[in-house]
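Here's query.pdb, which has PDB, C-alpha atoms:
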ATOM      1  CA  MET A  11      51.041  68.819 152.018
ATOM      2  CA  ARG A  12      50.312  65.427 150.581
ATOM      3  CA  LYS A  13      52.318  62.384 149.670
ATOM      4  CA  ALA A  14      51.913  61.337 146.079
ATOM      5  CA  LEU A  15      52.975  58.866 143.464
ATOM      6  CA  ILE A  16      54.576  60.514 140.479
ATOM      7  CA  LEU A  17      54.239  59.316 136.927
ATOM      8  CA  CYS A  18      57.499  60.328 135.227
ATOM      9  CA  ALA A  19      57.073  60.377 131.475
ATOM     10  CA  ILE A  20      60.030  60.216 129.113
ATOM     11  CA  SER A  21      58.471  61.598 125.964
ATOM     12  CA  LEU A  22      60.259  60.781 122.721
ATOM     13  CA  ILE A  23      58.279  63.440 120.899
ATOM     14  CA  GLY A  24      58.253  67.239 121.064
ATOM     15  CA  LEU A  25      60.775  67.911 123.843
ATOM     16  CA  ALA A  26      62.674  70.619 121.987
ATOM     17  CA  ALA A  27      62.339  73.100 124.842
ATOM     18  CA  ALA A  28      62.933  70.646 127.693
ATOM     19  CA  ILE A  29      66.211  69.517 129.258
ATOM     20  CA  PHE A  30      64.778  67.207 131.899
ATOM     21  CA  PRO A  31      62.237  64.459 131.109
ATOM     22  CA  ALA A  32      58.549  65.290 131.198
ATOM     23  CA  THR A  33      57.025  63.858 134.363
ATOM     24  CA  GLY A  34      53.651  63.364 136.024
ATOM     25  CA  VAL A  35      52.014  62.687 139.400
ATOM     26  CA  ARG A  36      49.132  60.605 140.674
ATOM     27  CA  VAL A  37      47.755  61.555 144.077
ATOM     28  CA  LEU A  38      46.754  58.568 146.204
ATOM     29  CA  ALA A  39      43.034  58.336 146.899
ATOM     30  CA  GLY A  40      41.816  58.107 150.476
ATOM     31  CA  ASP A  41      44.881  59.557 152.196
ATOM     32  CA  PRO A  42      44.014  59.337 155.935
ATOM     33  CA  ALA A  43      46.088  62.435 156.717
ATOM     34  CA  ILE A  44      43.576  64.672 154.919
ATOM     35  CA  GLU A  45      39.918  64.559 155.849
ATOM     36  CA  PRO A  46      37.137  65.831 153.558
ATOM     37  CA  ALA A  47      36.350  68.650 156.018
ATOM     38  CA  GLN A  48      39.897  69.944 155.727
ATOM     39  CA  ARG A  49      39.726  70.106 151.952
ATOM     40  CA  ARG A  50      36.952  72.684 152.108
ATOM     41  CA  ASP A  51      39.319  75.039 153.928
ATOM     42  CA  VAL A  52      41.957  75.119 151.194
ATOM     43  CA  ALA A  53      43.256  78.671 150.696
ATOM     44  CA  PRO A  54      42.583  80.525 147.416
ATOM     45  CA  VAL A  55      44.795  79.920 144.413
ATOM     46  CA  ARG A  56      47.950  82.025 144.259
ATOM     47  CA  TRP A  57      47.828  83.280 140.699
ATOM     48  CA  GLN A  58      51.210  83.540 138.996
ATOM     49  CA  GLU A  59      51.213  84.858 135.462
ATOM     50  CA  ASN A  60      54.479  83.112 134.545
ATOM     51  CA  PHE A  61      52.863  79.677 134.635
ATOM     52  CA  GLU A  62      52.003  79.062 130.994
ATOM     53  CA  ILE A  63      50.151  76.567 128.855
ATOM     54  CA  GLU A  64      49.968  76.895 125.080
ATOM     55  CA  VAL A  65      48.150  74.973 122.362
ATOM     56  CA  LEU A  66      50.476  74.075 119.468
ATOM     57  CA  VAL A  67      49.514  72.921 115.978
ATOM     58  CA  GLY A  68      52.352  71.911 113.683
ATOM     59  CA  GLY A  69      54.833  73.098 116.324
ATOM     60  CA  ARG A  70      53.420  76.648 116.364
ATOM     61  CA  PRO A  71      51.351  78.162 119.207
ATOM     62  CA  LEU A  72      47.799  79.163 118.341
ATOM     63  CA  GLU A  73      47.074  82.845 118.798
ATOM     64  CA  GLU A  74      44.997  83.508 121.891
ATOM     65  CA  ILE A  75      41.836  85.597 121.970
ATOM     66  CA  PHE A  76      40.871  87.265 125.248
ATOM     67  CA  GLY A  77      37.228  87.989 125.995
ATOM     68  CA  ARG A  78      34.261  87.189 128.224
ATOM     69  CA  GLY A  79      36.743  86.786 131.092
ATOM     70  CA  ARG A  80      38.495  83.815 129.461
ATOM     71  CA  ARG A  81      41.250  82.821 127.033
ATOM     72  CA  TYR A  82      40.243  81.261 123.709
ATOM     73  CA  VAL A  83      42.040  79.726 120.737
ATOM     74  CA  LEU A  84      40.706  79.084 117.256
ATOM     75  CA  ALA A  85      40.543  75.342 116.550
ATOM     76  CA  SER A  86      40.954  73.776 113.110
ATOM     77  CA  GLU A  87      38.978  70.579 112.575
ATOM     78  CA  GLY A  88      41.123  67.489 111.995
ATOM     79  CA  ALA A  89      44.361  69.154 113.157
ATOM     80  CA  GLU A  90      46.504  67.308 115.703
ATOM     81  CA  TYR A  91      47.635  69.481 118.602
ATOM     82  CA  GLU A  92      49.860  69.300 121.655
ATOM     83  CA  LEU A  93      50.108  71.259 124.897
ATOM     84  CA  ARG A  94      53.287  73.076 125.938
ATOM     85  CA  ILE A  95      53.407  73.694 129.705
ATOM     86  CA  ARG A  96      56.067  75.779 131.467
ATOM     87  CA  ASN A  97      57.260  75.747 135.087
ATOM     88  CA  PRO A  98      58.814  79.150 135.975
ATOM     89  CA  LEU A  99      59.851  78.103 139.515
ATOM     90  CA  PRO A 100      63.183  76.779 140.870
ATOM     91  CA  VAL A 101      61.311  73.735 142.285
ATOM     92  CA  ARG A 102      59.378  70.856 140.774
ATOM     93  CA  VAL A 103      55.639  71.223 140.267
ATOM     94  CA  GLY A 104      52.840  68.708 139.722
ATOM     95  CA  VAL A 105      50.302  69.657 137.049
ATOM     96  CA  ALA A 106      46.767  68.280 136.951
ATOM     97  CA  LEU A 107      45.936  68.518 133.236
ATOM     98  CA  SER A 108      42.423  67.937 131.922
ATOM     99  CA  VAL A 109      41.100  68.112 128.361
ATOM    100  CA  ASP A 110      37.325  68.208 127.869
ATOM    101  CA  GLY A 111      36.992  67.535 131.608
ATOM    102  CA  LEU A 112      39.023  64.285 131.385
ATOM    103  CA  ASN A 113      42.405  63.785 133.040
ATOM    104  CA  SER A 114      45.026  63.405 130.305
ATOM    105  CA  ILE A 115      46.726  60.533 132.195
ATOM    106  CA  ASP A 116      43.791  58.272 133.117
ATOM    107  CA  ALA A 117      40.659  59.951 131.604
ATOM    108  CA  ARG A 118      39.045  60.191 135.049
ATOM    109  CA  ARG A 119      36.949  63.070 136.360
ATOM    110  CA  SER A 120      37.943  64.377 139.795
ATOM    111  CA  ALA A 121      39.015  67.435 141.752
ATOM    112  CA  SER A 122      42.452  68.693 140.734
ATOM    113  CA  TRP A 123      43.928  67.716 144.131
ATOM    114  CA  ASP A 124      42.909  64.074 143.643
ATOM    115  CA  ALA A 125      43.900  63.919 139.972
ATOM    116  CA  SER A 126      46.913  62.193 138.454
ATOM    117  CA  LYS A 127      49.477  64.861 137.592
ATOM    118  CA  TRP A 128      52.370  65.553 135.269
ATOM    119  CA  VAL A 129      55.549  66.836 136.921
ATOM    120  CA  ILE A 130      57.803  69.523 135.485
ATOM    121  CA  GLU A 131      61.401  69.957 136.639
ATOM    122  CA  PRO A 132      62.588  73.436 137.768
ATOM    123  CA  TYR A 133      62.446  76.046 134.987
ATOM    124  CA  GLN A 134      61.552  73.396 132.430
ATOM    125  CA  THR A 135      58.900  73.014 129.747
ATOM    126  CA  ILE A 136      57.126  69.810 128.714
ATOM    127  CA  HIS A 137      54.981  68.872 125.720
ATOM    128  CA  ILE A 138      51.902  66.675 126.261
ATOM    129  CA  THR A 139      50.886  65.266 122.887
ATOM    130  CA  GLY A 140      47.922  63.062 123.753
ATOM    131  CA  TRP A 141      46.037  60.744 126.068
ATOM    132  CA  GLN A 142      48.346  58.442 128.084
ATOM    133  CA  MET A 143      47.127  54.905 127.324
ATOM    134  CA  SER A 144      49.796  52.819 129.110
ATOM    135  CA  SER A 145      53.315  53.041 130.516
ATOM    136  CA  GLU A 146      54.686  53.106 126.964
ATOM    137  CA  ARG A 147      52.051  54.563 124.680
ATOM    138  CA  ALA A 148      49.858  57.640 124.184
ATOM    139  CA  ARG A 149      47.263  58.593 121.561
ATOM    140  CA  LYS A 150      47.325  62.021 119.953
ATOM    141  CA  PHE A 151      44.992  64.934 120.670
ATOM    142  CA  TYR A 152      43.178  66.295 117.618
ATOM    143  CA  PHE A 153      40.319  68.734 117.043
ATOM    144  CA  THR A 154      37.051  67.130 116.025
ATOM    145  CA  THR A 155      33.312  67.486 116.613
ATOM    146  CA  GLU A 156      31.414  66.715 119.804
ATOM    147  CA  ARG A 157      29.959  63.447 118.539
ATOM    148  CA  ASP A 158      33.424  62.138 117.503
ATOM    149  CA  SER A 159      35.203  63.211 120.708
ATOM    150  CA  TYR A 160      36.955  60.889 123.158
ATOM    151  CA  ALA A 161      34.678  62.212 125.915
ATOM    152  CA  ALA A 162      31.580  61.261 123.874
ATOM    153  CA  ARG A 163      32.944  57.736 123.425
ATOM    154  CA  LEU A 164      33.257  57.487 127.208
ATOM    155  CA  GLY A 165      29.817  59.017 127.770
ATOM    156  CA  ARG A 166      31.197  62.124 129.535
ATOM    157  CA  LYS A 167      30.241  65.114 127.374
ATOM    158  CA  THR A 168      29.640  67.711 130.103
ATOM    159  CA  ASP A 169      32.886  69.747 129.771
ATOM    160  CA  LEU A 170      33.812  69.808 126.099
ATOM    161  CA  GLY A 171      35.935  72.596 124.615
ATOM    162  CA  VAL A 172      38.093  73.356 127.662
ATOM    163  CA  ILE A 173      41.729  72.680 128.607
ATOM    164  CA  SER A 174      42.669  73.224 132.256
ATOM    165  CA  ALA A 175      46.009  72.977 134.103
ATOM    166  CA  VAL A 176      46.292  73.298 137.900
ATOM    167  CA  PHE A 177      49.836  73.621 139.294
ATOM    168  CA  TYR A 178      51.014  72.363 142.728
ATOM    169  CA  ARG A 179      54.457  73.061 144.201
ATOM    170  CA  GLU A 180      56.613  70.330 145.686
ATOM    171  CA  VAL A 181      56.683  70.335 149.504
ATOM    172  CA  ALA A 182      59.930  71.470 151.197
ATOM    173  CA  PRO A 183      61.999  71.054 148.042
ATOM    174  CA  ILE A 184      65.656  71.927 147.617
ATOM    175  CA  PRO A 185      65.669  74.853 145.136
ATOM    176  CA  VAL A 186      67.840  74.492 142.081
ATOM    177  CA  PRO A 187      70.722  77.005 142.472
ATOM    178  CA  VAL A 188      70.792  78.140 138.877
ATOM    179  CA  THR A 189      69.602  81.149 136.942
ATOM    180  CA  PRO A 190      66.415  80.366 135.045
ATOM    181  CA  PRO A 191      66.938  80.077 131.292
ATOM    182  CA  PRO A 192      65.510  82.890 129.155
ATOM    183  CA  TYR A 193      62.012  82.063 128.043
ATOM    184  CA  MET A 194      61.338  82.245 124.325
ATOM    185  CA  ARG A 195      59.006  84.964 123.171
ATOM    186  CA  ASP A 196      56.756  84.692 120.122
ATOM    187  CA  GLY A 197      59.422  85.592 117.553
ATOM    188  CA  GLU A 198      61.861  83.056 118.941
ATOM    189  CA  ARG A 199      59.171  80.387 119.065
ATOM    190  CA  ARG A 200      58.442  80.934 115.389
ATOM    191  CA  GLU A 201      62.125  80.607 114.471
ATOM    192  CA  ARG A 202      62.623  77.474 116.577
ATOM    193  CA  SER A 203      59.492  75.816 115.234
ATOM    194  CA  GLU A 204      59.969  76.735 111.564
ATOM    195  CA  SER A 205      61.246  73.277 110.687
ATOM    196  CA  GLY A 206      58.220  71.623 112.299
ATOM    197  CA  ARG A 207      55.636  73.974 110.861
ATOM    198  CA  GLU A 208      54.234  71.624 108.213
ATOM    199  CA  MET A 209      52.240  68.730 109.628
ATOM    200  CA  ASP A 210      52.506  65.267 108.122
ATOM    201  CA  LYS A 211      49.158  65.056 106.396
ATOM    202  CA  SER A 212      49.333  61.295 106.190
ATOM    203  CA  SER A 213      49.431  61.103 109.987
ATOM    204  CA  ARG A 214      46.251  63.085 110.551
ATOM    205  CA  PRO A 215      43.132  61.232 111.647
ATOM    206  CA  PRO A 216      40.788  60.378 108.764
ATOM    207  CA  ALA A 217      38.080  62.936 108.042
ATOM    208  CA  GLN A 218      34.570  62.056 109.064
ATOM    209  CA  ALA A 219      32.281  61.039 106.228
ATOM    210  CA  GLY A 220      29.441  63.463 105.621
ATOM    211  CA  SER A 221      25.945  62.550 106.714
ATOM    212  CA  ALA A 222      23.076  62.142 104.294
ATOM    213  CA  GLY A 223      22.541  65.266 102.261
ATOM    214  CA  GLN A 224      26.015  66.649 103.018
ATOM    215  CA  SER A 225      29.029  66.828 100.731
ATOM    216  CA  ALA A 226      32.691  67.081 101.721
ATOM    217  CA  ASN A 227      34.441  70.417 101.241
ATOM    218  CA  ALA A 228      37.798  70.993  99.535
ATOM    219  CA  THR A 229      39.725  69.754 102.580
ATOM    220  CA  GLY A 230      37.875  66.433 102.674
ATOM    221  CA  VAL A 231      36.076  67.294 105.940
ATOM    222  CA  ALA A 232      32.287  67.284 105.922
ATOM    223  CA  PRO A 233      30.723  70.708 106.538
ATOM    224  CA  ARG A 234      29.665  71.235 110.152
ATOM    225  CA  ARG A 235      26.200  72.081 111.310
ATOM    226  CA  ASP A 236      25.946  75.003 113.705
ATOM    227  CA  ASP A 237      25.564  72.635 116.662
ATOM    228  CA  GLU A 238      28.793  70.710 115.868
ATOM    229  CA  TYR A 239      31.207  72.498 118.166
ATOM    230  CA  ALA A 240      34.869  71.715 118.791
ATOM    231  CA  ALA A 241      36.028  68.819 120.981
ATOM    232  CA  THR A 242      39.115  66.602 121.263
ATOM    233  CA  GLY A 243      39.386  63.170 119.696
ATOM    234  CA  ILE A 244      41.612  60.181 120.450
ATOM    235  CA  GLY A 245      44.012  59.839 117.537
ATOM    236  CA  ARG A 246      46.959  57.796 116.347
ATOM    237  CA  ALA A 247      49.244  55.979 118.777
ATOM    238  CA  VAL A 248      52.699  57.385 119.620
ATOM    239  CA  GLU A 249      55.451  56.099 121.908
ATOM    240  CA  ASN A 250      55.535  57.802 125.320
ATOM    241  CA  ARG A 251      57.258  55.816 128.113
ATOM    242  CA  VAL A 252      56.402  56.639 131.735
ATOM    243  CA  TYR A 253      57.442  55.488 135.226
ATOM    244  CA  TRP A 254      56.401  56.165 138.834
ATOM    245  CA  VAL A 255      58.292  57.955 141.639
ATOM    246  CA  ASN A 256      57.364  59.479 145.029
ATOM    247  CA  LEU A 257      56.633  63.152 145.639
ATOM    248  CA  GLN A 258      54.943  65.397 148.222
ATOM    249  CA  LEU A 259      52.875  68.333 147.025
ATOM    250  CA  GLU A 260      51.473  71.403 148.748
ATOM    251  CA  ARG A 261      47.709  71.268 149.203
ATOM    252  CA  ARG A 262      47.170  74.778 147.901
ATOM    253  CA  PRO A 263      47.503  75.242 144.125
ATOM    254  CA  ALA A 264      50.191  77.647 142.960
ATOM    255  CA  ALA A 265      48.227  78.586 139.845
ATOM    256  CA  GLU A 266      45.447  77.561 137.503
ATOM    257  CA  VAL A 267      45.335  78.190 133.752
ATOM    258  CA  THR A 268      42.278  77.476 131.594
ATOM    259  CA  ILE A 269      41.929  77.765 127.819
ATOM    260  CA  ARG A 270      38.717  77.457 125.813
ATOM    261  CA  TYR A 271      38.879  76.332 122.190
ATOM    262  CA  GLU A 272      36.210  76.711 119.524
ATOM    263  CA  TYR A 273      35.763  76.715 115.766
ATOM    264  CA  ALA A 274      35.371  80.041 113.994
ATOM    265  CA  ASP A 275      31.560  79.939 113.745
ATOM    266  CA  ALA A 276      31.284  79.563 117.537
ATOM    267  CA  LEU A 277      33.732  82.425 118.128
ATOM    268  CA  TYR A 278      31.584  84.581 115.812
ATOM    269  CA  LYS A 279      28.507  83.749 117.878
ATOM    270  CA  LEU A 280      30.341  84.600 121.108
ATOM    271  CA  GLY A 281      31.346  87.987 119.658
ATOM    272  CA  LEU A 282      35.062  87.182 119.900
ATOM    273  CA  LEU A 283      35.757  87.302 116.166
ATOM    274  CA  PRO A 284      34.324  89.852 113.729
ATOM    275  CA  ARG A 285      32.101  88.211 111.173
ATOM    276  CA  PRO A 286      33.597  88.352 107.667
ATOM    277  CA  ARG A 287      31.749  90.634 105.285
ATOM    278  CA  PRO A 288      29.967  88.845 102.453
ATOM    279  CA  SER A 289      31.903  88.875  99.209
ATOM    280  CA  GLY A 290      28.851  89.914  97.170
ATOM    281  CA  GLU A 291      25.977  92.323  97.655
ATOM    282  CA  ASP A 292      23.645  91.760 100.588
ATOM    283  CA  PRO A 293      20.522  90.141  99.047
ATOM    284  CA  LEU A 294      18.220  91.980 101.446
ATOM    285  CA  ARG A 295      19.607  95.387 100.405
ATOM    286  CA  ARG A 296      19.078  94.420  96.757
ATOM    287  CA  ARG A 297      15.490  93.387  97.466
ATOM    288  CA  GLU A 298      14.788  96.678  99.266
ATOM    289  CA  ARG A 299      15.640  98.568  96.053
ATOM    290  CA  ALA A 300      13.116  96.583  94.008
ATOM    291  CA  ARG A 301      10.549  98.444  91.886
ATOM    292  CA  GLY A 302       7.290  97.343  90.317
ATOM    293  CA  PHE A 303       7.585  98.615  86.706
ATOM    294  CA  GLU A 304      10.194  99.519  84.128
ATOM    295  CA  ASP A 305       9.738 101.340  80.803
ATOM    296  CA  SER A 306       9.621  98.346  78.437
ATOM    297  CA  ARG A 307       7.064  97.352  75.824
ATOM    298  CA  PHE A 308       7.616  93.552  75.734
ATOM    299  CA  CYS A 309       9.169  90.737  77.761
ATOM    300  CA  PRO A 310      12.886  90.311  76.904
ATOM    301  CA  GLU A 311      14.487  86.985  76.027
ATOM    302  CA  PRO A 312      16.242  85.418  79.062
TER     303      PRO A 312
END

Mind turning the file's structure into structure tokens?
Amino acid sequence: MRKALILCAISLIGLAAAIFPATGVRVLAGDPAIEPAQRRDVAPVRWQENFEIEVLVGGRPLEEIFGRGRRYVLASEGAEYELRIRNPLPVRVGVALSVDGLNSIDARRSASWDASKWVIEPYQTIHITGWQMSSERARKFYFTTERDSYAARLGRKTDLGVISAVFYREVAPIPVPVTPPPYMRDGERRERSESGREMDKSSRPPAQAGSAGQSANATGVAPRRDDEYAATGIGRAVENRVYWVNLQLERRPAAEVTIRYEYADALYKLGLLPRPRPSGEDPLRRRERARGFEDSRFCPEP
């Protein structure tokens, strides 16, 4: 158990599935009730499959790919995204949420127990749309390259391409005496999000200019080199008011959910997507059929 300060966020954007306000928590550093030696004895995570985090683009969840012992999603460069996080319990939970190894509330690197956390009311779902910059403002997440990422700007590029959420239950809470609402499955999500499917192109972050020797493709985004993998940038500002309250959390996490995101070329290299077949003939097969002579008397006109 640990006493905490809670950052309660009233998001004015993307709360279609939430009844209660989105909220968050910040654990106080240096709590004298918990010594470093005790932290090493924390019990293993209790995995609960109903805790969910999804990556949404244009209001629609990205399809997940399972392989190599992890969950992956296919990123699209320049696309803004948000994270939808669900609490399946009849009690509040605090969620330590990191993107590219940075806490989404204060951009710090720490253990999940010490991290600032978002709080979700019983049975509720929240949408986190970007980096929390102040008590009133956030800046949107969007897919970009490593060199353009928020983490690169802060000089912290060690954990790019990963989204992680660690859930902690509230200590000795009073359970909400209601039946949990039915959770939307994929078909229902598509119907609910149909109106928000198209993104406002004018609101997307500007495409990076190509480097010397490169030309922009049809979408206006410079072609990537093989070493330009996916990362998250710091995009346009949006209103997101927050406030602080008190909360006590259990020391042992209730669950942990991690998602890796990559562009298609990286997923091909990892063997998670089948490589598309070339539209034309394989040049090497053509060359293997080559012969030295044909039955012709003179050189033909080209």

Given the PyMOL selection byres ((chain A and resi 145) around 8), the residues it picks as an MDAnalysis selection string: chainID A and resid 142:144 146:147 250:253

What would the file look like if the residues just selected were written as a PDB file, in the frame of the given file with C-alpha atoms?
ATOM      1  CA  GLN A 142      48.346  58.442 128.084  1.00  0.00           C
ATOM      2  CA  MET A 143      47.127  54.905 127.324  1.00  0.00           C
ATOM      3  CA  SER A 144      49.796  52.819 129.110  1.00  0.00           C
ATOM      4  CA  GLU A 146      54.686  53.106 126.964  1.00  0.00           C
ATOM      5  CA  ARG A 147      52.051  54.563 124.680  1.00  0.00           C
ATOM      6  CA  ASN A 250      55.535  57.802 125.320  1.00  0.00           C
ATOM      7  CA  ARG A 251      57.258  55.816 128.113  1.00  0.00           C
ATOM      8  CA  VAL A 252      56.402  56.639 131.735  1.00  0.00           C
ATOM      9  CA  TYR A 253      57.442  55.488 135.226  1.00  0.00           C
TER      10      TYR A 253
END

Distance criterion (all atoms listed in the file): nearest to Ser108 in chain A out of A:Pro312, A:Gly140, A:Gly77, A:Pro263: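 The shortest atom-to-atom distance to Ser108 in chain A comes from A:Gly140.
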
- request: Could you tell me how far CA of Leu280 in chain A lies from CA of Arg166 in chain A, in Å and to one decimal?
  value: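 We find that CA of Leu280 in chain A and CA of Arg166 in chain A lie 24.0 Å from each other.
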
- request: For CA of Pro284 in chain A and CA of Ile173 in chain A, quote the distance in Å rounded to one decimal.
  value: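 Straight-line distance from CA of Pro284 in chain A to CA of Ile173 in chain A works out to 23.9 Å.
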
- request: To one decimal in Å, tell me the separation between CA of Val67 in chain A and CA of Arg157 in chain A.
  value: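 It comes out at 21.9 Å.
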
Could you work out an axis-aligned bounding box for all listed atoms of range 293-298 of chain A, with 4 Å added on each of the six sides, and give its centre and edge lengths in Å to one decimal, as AutoDock Vina command-line options?
--center_x 17.7 --center_y 93.4 --center_z 99.1 --size_x 13.7 --size_y 14.5 --size_z 12.7

message: Ranking A:Gln258, A:Thr168, A:Thr268, A:Ser86 by minimum distance to Asp110 in chain A and counting only C-alpha atoms, which one comes first?
response: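 Closest to Asp110 in chain A of all the choices is A:Thr168.
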
message: If the PyMOL selection byres ((chain A and resi 123) around 8) were run on this exact file, what residues would it hold? Put them as a VMD selection string.
response: chain A and resid 37 106 121 to 122 124 to 125 261

Residue members of the PyMOL selection byres ((chain A and resi 63) around 10) in the file shown, as a PyMOL selection string: chain A and resi 60-62+64-66+71+93-97+135-137+173-175+266-269

message: For a quick check of understanding, using all atoms listed in the file, which of A:Glu272, A:Glu92, A:Asp305, A:Glu131 has the smallest distance to Thr155 in chain A?
response: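 Between A:Glu272, A:Glu92, A:Asp305, A:Glu131, the residue approaching Thr155 in chain A most closely is A:Glu272.
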
message: Residues near Val248 in chain A, anyone? I mean within 8 Å using all atoms listed in the file, not counting same-chain ones fewer than 3 positions away, as a ChimeraX atom specification.
response: /A:147-150

- prompt: Between A:Asp292, A:Glu180, A:Glu311, A:Glu74, which one has atoms that come closest to Val105 in chain A, using only C-alpha atoms?
  reply: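 Checking each of A:Asp292, A:Glu180, A:Glu311, A:Glu74 against Val105 in chain A, counting only C-alpha atoms, the winner is A:Glu180.
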
Please work out which residues fall within 7 Å of (33.5, 70.4, 123.4), coordinates as given in the file, with all atoms listed in the file counting, and return them as an mmCIF file with C-alpha atoms, in the coordinates of the input.
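And here is the file that came out, point-v3.cif:
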data_model
loop_
_atom_site.group_PDB
_atom_site.id
_atom_site.type_symbol
_atom_site.label_atom_id
_atom_site.label_comp_id
_atom_site.auth_asym_id
_atom_site.auth_seq_id
_atom_site.Cartn_x
_atom_site.Cartn_y
_atom_site.Cartn_z
ATOM 1 C CA ASP A 110 37.325 68.208 127.869
ATOM 2 C CA GLU A 156 31.414 66.715 119.804
ATOM 3 C CA ASP A 169 32.886 69.747 129.771
ATOM 4 C CA LEU A 170 33.812 69.808 126.099
ATOM 5 C CA GLY A 171 35.935 72.596 124.615
ATOM 6 C CA VAL A 172 38.093 73.356 127.662
ATOM 7 C CA TYR A 239 31.207 72.498 118.166
ATOM 8 C CA ALA A 240 34.869 71.715 118.791
ATOM 9 C CA ALA A 241 36.028 68.819 120.981
#

field: Best match for closeness to Leu282 in chain A among A:Leu84, A:Ile244, A:Thr139, A:Arg297, counting all atoms listed in the file
entry: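 The answer is A:Leu84, which sits nearest to Leu282 in chain A.
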
What's around Tyr133 in chain A at 7 Å? Count all atoms listed in the file, leave out sequence neighbours fewer than 3 positions away in its own chain, and write the answer as an mmCIF file with C-alpha atoms, in the frame of the given file.
data_model
loop_
_atom_site.group_PDB
_atom_site.id
_atom_site.type_symbol
_atom_site.label_atom_id
_atom_site.label_comp_id
_atom_site.auth_asym_id
_atom_site.auth_seq_id
_atom_site.Cartn_x
_atom_site.Cartn_y
_atom_site.Cartn_z
ATOM 1 C CA ASN A 97 57.260 75.747 135.087
ATOM 2 C CA PRO A 98 58.814 79.150 135.975
ATOM 3 C CA LEU A 99 59.851 78.103 139.515
ATOM 4 C CA PRO A 100 63.183 76.779 140.870
ATOM 5 C CA PRO A 190 66.415 80.366 135.045
#

Closest of A:Phe151, A:Trp128, A:Phe303, A:Phe76 to Thr242 in chain A - atom-to-atom distances counting only C-alpha atoms: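 Among the listed residues, the smallest separation from Thr242 in chain A belongs to A:Phe151.
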